[in-house]
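First up is the structure itself, then whatever we jot down about it.
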Amino acid sequence: MRVYVPLTLSGLAEAHRTGQLETGQLVAYAVTPALREWYLSDDVEELEYAALNRAALASLRLVAADAGMPRRRVVVAADVPDGGVSADPGRGPDPATLGEVRVAGPLPLAKAASVHVDSADAEADVTAAADALAAADGGDDDARFVVDGAEDHELLWYATQEIPALVEERG
């Protein structure tokens with residue numbers, strides 16, 4: 001199963017240093033039955049793109065939680081055995097957790113298929129979105145518009161061989 005793991009540039013640097021995305025169970029996003037129902041599509045590529053975008057929002061939350069964090073969203077796409085992934089069916093159709101899964105760790109960075117990172121051009125919008133996230137979560141429509149501004153930036157695709165260059169340029 002392809003999962004999308006939300007990170008930060010600092011988190012990617014740590015994964016590169018240790019060779020692992022996480023030592024225990026980690027939160028990721030995938031094409032789940034709830035995501036399929038919400039997105040109303042049978043196109044696997046569209047559904048995977050939706051899961052990637054859910055992970056990008058989770059990455060934004062990680063960025064927002066640490067003011068010193070480089071202001072770029074990071075998502076690592078990895079392939080894991082279906083048995084190593086579990087969804088939480090008891091949560092119901094909470095829009096905030098659509099596509100969320102738990103991956104039994106550790107998840108070796110060698111399992112990564114690709115890395116998706118904001119360009120430097122997105123940093124101002126990602127910074128504004130991180131600052132507005134709490135207000136958007138509270139129902140502020142203007143803040144939601146600001147958060148959506150970050151989502152307007154497509155994450156750039158990188159091969160796993162490019163991770164060393166990505167972590168060197170962070171910050």
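By convention in this document, the chains of the structure tokens carry letters A, B, ... by their order, each chain's residues are numbered from 1, and ligands are numbered from 1 in the order they are shown.
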Do you know which residues are at most 12 Å from Asp152 of chain A counting only C-alpha atoms, after dropping those on the same chain fewer than 4 positions away, and could you put them as a PyMOL selection string? chain A and resi 53+56-57+118+121-122+125-126+129+145-148
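With only C-alpha atoms as the atoms that count, the minimum distance from Gly19 of chain A to the choices A:Thr127, A:Pro106, A:Ala134, A:Asp141 is reached by A:Pro106.
Among the candidates A:Gly138, A:Gly149, A:Gly99, A:Gly105, the one nearest to Ala50 of chain A when counting only C-alpha atoms is A:Gly99.
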Close residues, His116 of chain A itself excluded, 8 Å, only C-alpha atoms, min 2 positions apart in chain, as a PyMOL selection string: chain A and resi 74-77+114+118+155-158
Identify, on the basis of only C-alpha atoms, every residue whose closest approach to Ser86 of chain A does not exceed 8 Å; exclude the query and any residue fewer than 2 positions from it along the same chain; express the result as a PyMOL selection string. chain A and resi 83-84+88+101-103
Next, dump the selected residues to file, keeping only C-alpha atoms, as a PDB file, in the first residue's frame.
```pdb
ATOM      1  CA  GLY A  83      -0.703  -5.723   6.997  1.00  0.00           C
ATOM      2  CA  GLY A  84       1.546  -2.973   8.359  1.00  0.00           C
ATOM      3  CA  ASP A  88      -9.180   3.682  12.762  1.00  0.00           C
ATOM      4  CA  VAL A 101      -3.778   5.556   8.812  1.00  0.00           C
ATOM      5  CA  ARG A 102      -1.273   4.222  11.322  1.00  0.00           C
ATOM      6  CA  VAL A 103       1.870   2.520  10.057  1.00  0.00           C
TER       7      VAL A 103
END
```
Would you give me, as a PyMOL selection string, the residues in chain A that DSSP reads as strand (DSSP E)? chain A and resi 2-7+26-29+74-79+85-87+100-103+112-117+156-158
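For Arg54 of chain A, the set of protein, DNA and RNA residues having any atom at most 10 Å away, when counting only C-alpha atoms and skipping those fewer than 4 positions along the same chain, is A:Tyr4, A:Val5, A:Pro6, A:Ala28, A:Tyr29, A:Ala30, A:Leu35, A:Glu48, A:Tyr49, A:Ala50, A:Ala58, A:Ser59, A:Leu60, A:Val75, A:Ala96, A:Thr97, A:Leu98, A:Gly99, A:Glu100.
With distances restricted to only C-alpha atoms, A:Leu12 is the closest residue to Ile163 of chain A from A:Leu62, A:Ala135, A:Ala150, A:Leu12.
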Residues flagged alpha helix (DSSP H) by DSSP in chain A, as a ChimeraX atom specification: /A:9-18,33-39,44-65,123-137,141-151,163-169
For Leu133 of chain A, please output as number ranges by chain all residues within 8 Å (counting only C-alpha atoms; exclusion window: fewer than 4 positions along the same chain). A: 61, 64, 129, 137, 143-144, 147
Expected file contents, prior selection, N, CA and C atoms, as a PDB file, in the first residue's frame:
```
ATOM      1  N   ARG A  61       0.561  21.416   9.610  1.00  0.00           N
ATOM      2  CA  ARG A  61       0.328  21.434  11.062  1.00  0.00           C
ATOM      3  C   ARG A  61       1.645  21.242  11.825  1.00  0.00           C
ATOM      4  N   ALA A  64       3.479  24.497  11.581  1.00  0.00           N
ATOM      5  CA  ALA A  64       2.846  25.508  12.437  1.00  0.00           C
ATOM      6  C   ALA A  64       3.186  25.295  13.911  1.00  0.00           C
ATOM      7  N   ALA A 129      -0.081  30.531   6.035  1.00  0.00           N
ATOM      8  CA  ALA A 129      -1.029  29.454   6.333  1.00  0.00           C
ATOM      9  C   ALA A 129      -0.766  28.859   7.711  1.00  0.00           C
ATOM     10  N   ASP A 137      -9.050  26.556  11.894  1.00  0.00           N
ATOM     11  CA  ASP A 137      -9.647  25.426  12.609  1.00  0.00           C
ATOM     12  C   ASP A 137     -10.813  25.881  13.478  1.00  0.00           C
ATOM     13  N   ALA A 143      -9.237  33.124   7.542  1.00  0.00           N
ATOM     14  CA  ALA A 143      -8.071  32.304   7.844  1.00  0.00           C
ATOM     15  C   ALA A 143      -8.071  31.042   6.977  1.00  0.00           C
ATOM     16  N   ARG A 144      -9.244  30.462   6.754  1.00  0.00           N
ATOM     17  CA  ARG A 144      -9.344  29.274   5.882  1.00  0.00           C
ATOM     18  C   ARG A 144      -8.865  29.613   4.475  1.00  0.00           C
ATOM     19  N   VAL A 147      -5.115  29.566   4.537  1.00  0.00           N
ATOM     20  CA  VAL A 147      -4.624  28.182   4.548  1.00  0.00           C
ATOM     21  C   VAL A 147      -4.750  27.576   3.152  1.00  0.00           C
TER      22      VAL A 147
END
```
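Reported to one decimal place, the separation of atom CA of Val167 of chain A from atom CA of Glu151 of chain A is 22.3 Å.
The residue that comes closest to Met1 of chain A, out of A:Val85, A:Glu14, A:Val44, A:Gln25 and on the basis of only C-alpha atoms, is A:Val85.
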